[in-house]
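Structure, as C-alpha cells:
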Amino acid sequence: SADGVVRGVMGVGQDITEMRTAMAEQQRIADGLARFIQTANAPIFGVDVTGRVTEWNRKAEEVSGFTKEEALGQMLIDEFIAEENRYQVHCALERAWQGDESANFEMMLVSKDGSKVEILLNATPTRLSDGKVTGWAGVGQDITVLREAMQRSEQVAADWTRMIDTTNAPIFCIEASGLITEWNQKAAEISGWGKEEAMGKSLVDNFIKEDCREEVSLILKQALEGHGAVNYDFPLCTKDGQRREILLN
C-alpha cells in the first residue's frame, strides 16, 4: 500500500514440468551410458585435449593392470604407451582432435607388470553442444593373442614353405583348374623346368606326354574329389623331352 504496509504477495510463475521431465530423462540416459561404459566387455579410454586420461573403464583396468584411480589425470601417451608406439598414437589423436570421426589405430599399451598389450582402437572426438572438440573417446579390442597366433601361423607357414622347397623329393601342387601352384627345387632339378617357368601353367598340358594325359587327368580329377592315389607312376616330361617316372602320392 501507499504507507508501505505489506498487504500480500505477488508471484510470477513458470511451468517447469516439461523441463524437469527432460532433465530427468537426460540424467537417466547419462547414468545408463556410464553403466554401459563401465561394464562393457571392451576397454574404453577417454582423454581431454591435453592428452590426460578422463575415462578408464573396468575392462581397461583388466587389460592394463592399472585401476581407474591410478589412470585418471595421467598423460595417456607418456604413462601408458610403449615408447616405440608413441608417435603413431600421437598422430592418431591429433586426427581425432581435428574432428576425424574414424581414427582407427593400433595402440601398444604397457601394462602395470611391464608387459605389452596390443589394442586395436576406434577413436572418435568428444564435443560440447556447440561442436567444440573437448577430447576423444576410444573403444578398443585386445588383439595381443590374435597377433601372437598370426605370428605363429606365419612362422609355421614359413617353415612348411622352406620344408617343401628344400625336401629331397619332387613336390607338385595344382589348383582345381589344373594350374601349377607349387614346384619345389627337386621338381625343378628332375624336370629341368624352373619354378618360374612352371608356376601358373597347366600340369597336364605342359608337362605330361600326350599319350598319358587322359590317364593323368583322371588321376588328378579323383584326387581333387578327395580320392588320393597311392604310389602312382607319374610320367613327367622333362625340358629336354625325356620321360621321367615319378612315384607319386
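Identifiers in this document derive from the order of the C-alpha cells: chains are assigned A, B, ..., residues are numbered from 1 separately in each chain, and ligands are numbered from 1 in order of occurrence.
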> Which residues, written as an MDAnalysis selection string, have at least one atom at most 9 Å from range 178-184 of chain A, with only C-alpha atoms counted and residues fewer than 2 positions away on the same chain left out?
Replying inline: chainID A and resid 164:167 169:176 186:189 194:196 198:204 217 220:221
Go ahead and save the residues from that selection, with N, CA, C and O atoms, as a CSV table (one decimal), in the first residue's frame.
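Below you can see result_17.csv, which holds the result:
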```csv
chain,number,residue,atom,x,y,z
A,164,ILE,N,59.0,-77.7,-47.9
A,164,ILE,CA,58.6,-78.1,-49.2
A,164,ILE,C,59.6,-77.8,-50.3
A,164,ILE,O,59.9,-78.6,-51.2
A,165,ASP,N,60.2,-76.6,-50.2
A,165,ASP,CA,61.1,-76.2,-51.2
A,165,ASP,C,62.4,-76.9,-51.2
A,165,ASP,O,63.1,-77.1,-52.2
A,166,THR,N,62.9,-77.3,-50.0
A,166,THR,CA,64.2,-77.9,-49.9
A,166,THR,C,64.2,-79.4,-49.7
A,166,THR,O,65.3,-80.0,-49.6
A,167,THR,N,63.0,-80.1,-49.5
A,167,THR,CA,63.0,-81.5,-49.3
A,167,THR,C,63.6,-82.3,-50.5
A,167,THR,O,63.5,-81.8,-51.6
A,169,ALA,N,62.7,-84.5,-52.4
A,169,ALA,CA,61.7,-85.2,-53.2
A,169,ALA,C,60.9,-84.2,-54.0
A,169,ALA,O,60.7,-83.1,-53.5
A,170,PRO,N,60.5,-84.5,-55.2
A,170,PRO,CA,59.8,-83.5,-56.0
A,170,PRO,C,58.4,-83.4,-55.5
A,170,PRO,O,57.7,-84.3,-55.2
A,171,ILE,N,58.0,-82.1,-55.3
A,171,ILE,CA,56.6,-81.8,-54.8
A,171,ILE,C,55.9,-80.9,-55.8
A,171,ILE,O,56.5,-79.9,-56.2
A,172,PHE,N,54.7,-81.3,-56.2
A,172,PHE,CA,53.9,-80.5,-57.2
A,172,PHE,C,52.6,-80.2,-56.5
A,172,PHE,O,52.1,-81.0,-55.7
A,173,CYS,N,52.1,-79.0,-56.8
A,173,CYS,CA,50.7,-78.7,-56.3
A,173,CYS,C,50.0,-78.1,-57.5
A,173,CYS,O,50.6,-77.3,-58.3
A,174,ILE,N,48.7,-78.4,-57.6
A,174,ILE,CA,47.9,-77.7,-58.6
A,174,ILE,C,46.6,-77.3,-57.9
A,174,ILE,O,46.2,-77.8,-56.9
A,175,GLU,N,46.0,-76.3,-58.6
A,175,GLU,CA,44.6,-75.8,-58.1
A,175,GLU,C,43.6,-76.6,-58.9
A,175,GLU,O,43.9,-77.5,-59.7
A,176,ALA,N,42.3,-76.3,-58.6
A,176,ALA,CA,41.2,-77.1,-59.1
A,176,ALA,C,41.2,-77.1,-60.7
A,176,ALA,O,40.7,-78.0,-61.3
A,186,LYS,N,63.5,-79.7,-56.0
A,186,LYS,CA,63.7,-81.1,-56.6
A,186,LYS,C,62.9,-81.3,-57.8
A,186,LYS,O,63.4,-82.0,-58.8
A,187,ALA,N,61.7,-80.8,-57.9
A,187,ALA,CA,60.9,-80.9,-59.1
A,187,ALA,C,61.6,-80.1,-60.3
A,187,ALA,O,61.6,-80.6,-61.4
A,188,ALA,N,62.2,-79.0,-60.0
A,188,ALA,CA,62.9,-78.2,-61.0
A,188,ALA,C,64.1,-79.0,-61.4
A,188,ALA,O,64.5,-79.0,-62.6
A,189,GLU,N,64.8,-79.6,-60.5
A,189,GLU,CA,66.0,-80.4,-60.8
A,189,GLU,C,65.7,-81.6,-61.7
A,189,GLU,O,66.4,-81.8,-62.7
A,194,GLY,N,62.4,-74.6,-64.4
A,194,GLY,CA,62.5,-73.8,-63.2
A,194,GLY,C,61.1,-73.5,-62.7
A,194,GLY,O,60.1,-73.6,-63.4
A,195,LYS,N,61.1,-73.1,-61.4
A,195,LYS,CA,59.8,-72.8,-60.7
A,195,LYS,C,59.1,-71.7,-61.5
A,195,LYS,O,57.9,-71.8,-61.7
A,196,GLU,N,59.8,-70.7,-61.9
A,196,GLU,CA,59.2,-69.6,-62.6
A,196,GLU,C,58.6,-70.0,-63.9
A,196,GLU,O,57.6,-69.4,-64.3
A,198,ALA,N,57.3,-73.0,-64.5
A,198,ALA,CA,56.2,-73.9,-64.2
A,198,ALA,C,55.0,-73.3,-63.6
A,198,ALA,O,53.8,-73.7,-63.9
A,199,MET,N,55.2,-72.3,-62.7
A,199,MET,CA,54.1,-71.8,-62.0
A,199,MET,C,53.0,-71.2,-62.9
A,199,MET,O,53.3,-70.4,-63.8
A,200,GLY,N,51.8,-71.5,-62.6
A,200,GLY,CA,50.6,-71.0,-63.3
A,200,GLY,C,50.3,-71.7,-64.6
A,200,GLY,O,49.3,-71.3,-65.3
A,201,LYS,N,51.1,-72.7,-65.0
A,201,LYS,CA,50.8,-73.4,-66.2
A,201,LYS,C,50.1,-74.7,-65.9
A,201,LYS,O,50.1,-75.2,-64.8
A,202,SER,N,49.4,-75.2,-66.9
A,202,SER,CA,48.7,-76.5,-66.8
A,202,SER,C,49.6,-77.6,-66.7
A,202,SER,O,50.5,-77.8,-67.6
A,203,LEU,N,49.5,-78.4,-65.6
A,203,LEU,CA,50.4,-79.5,-65.4
A,203,LEU,C,50.3,-80.5,-66.5
A,203,LEU,O,51.3,-81.0,-67.1
A,204,VAL,N,49.1,-80.9,-66.8
A,204,VAL,CA,48.8,-82.0,-67.8
A,204,VAL,C,49.2,-81.5,-69.2
A,204,VAL,O,49.9,-82.2,-69.9
A,217,SER,N,45.0,-87.0,-66.2
A,217,SER,CA,43.9,-86.1,-65.9
A,217,SER,C,42.8,-86.8,-65.0
A,217,SER,O,42.3,-86.2,-64.1
A,220,LEU,N,44.2,-87.0,-61.4
A,220,LEU,CA,44.2,-85.7,-60.7
A,220,LEU,C,42.8,-85.3,-60.4
A,220,LEU,O,42.5,-84.8,-59.3
A,221,LYS,N,41.8,-85.7,-61.3
A,221,LYS,CA,40.4,-85.4,-61.0
A,221,LYS,C,39.9,-86.1,-59.8
A,221,LYS,O,39.3,-85.5,-58.9
```
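Ranking A:Asn249, A:Thr134, A:Ser115, A:Asn206 by their shortest atom-to-atom distance to Tyr232 in chain A, with only C-alpha atoms included, puts A:Asn249 first.
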>> One number please: CA of Ala92 in chain A to CA of Leu76 in chain A, in Å, one decimal.
In response: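 Separation of CA of Ala92 in chain A and CA of Leu76 in chain A: 12.9 Å.
Rounded to one decimal, CA of Lys68 in chain A and CA of Trp136 in chain A lie 17.0 Å from each other.
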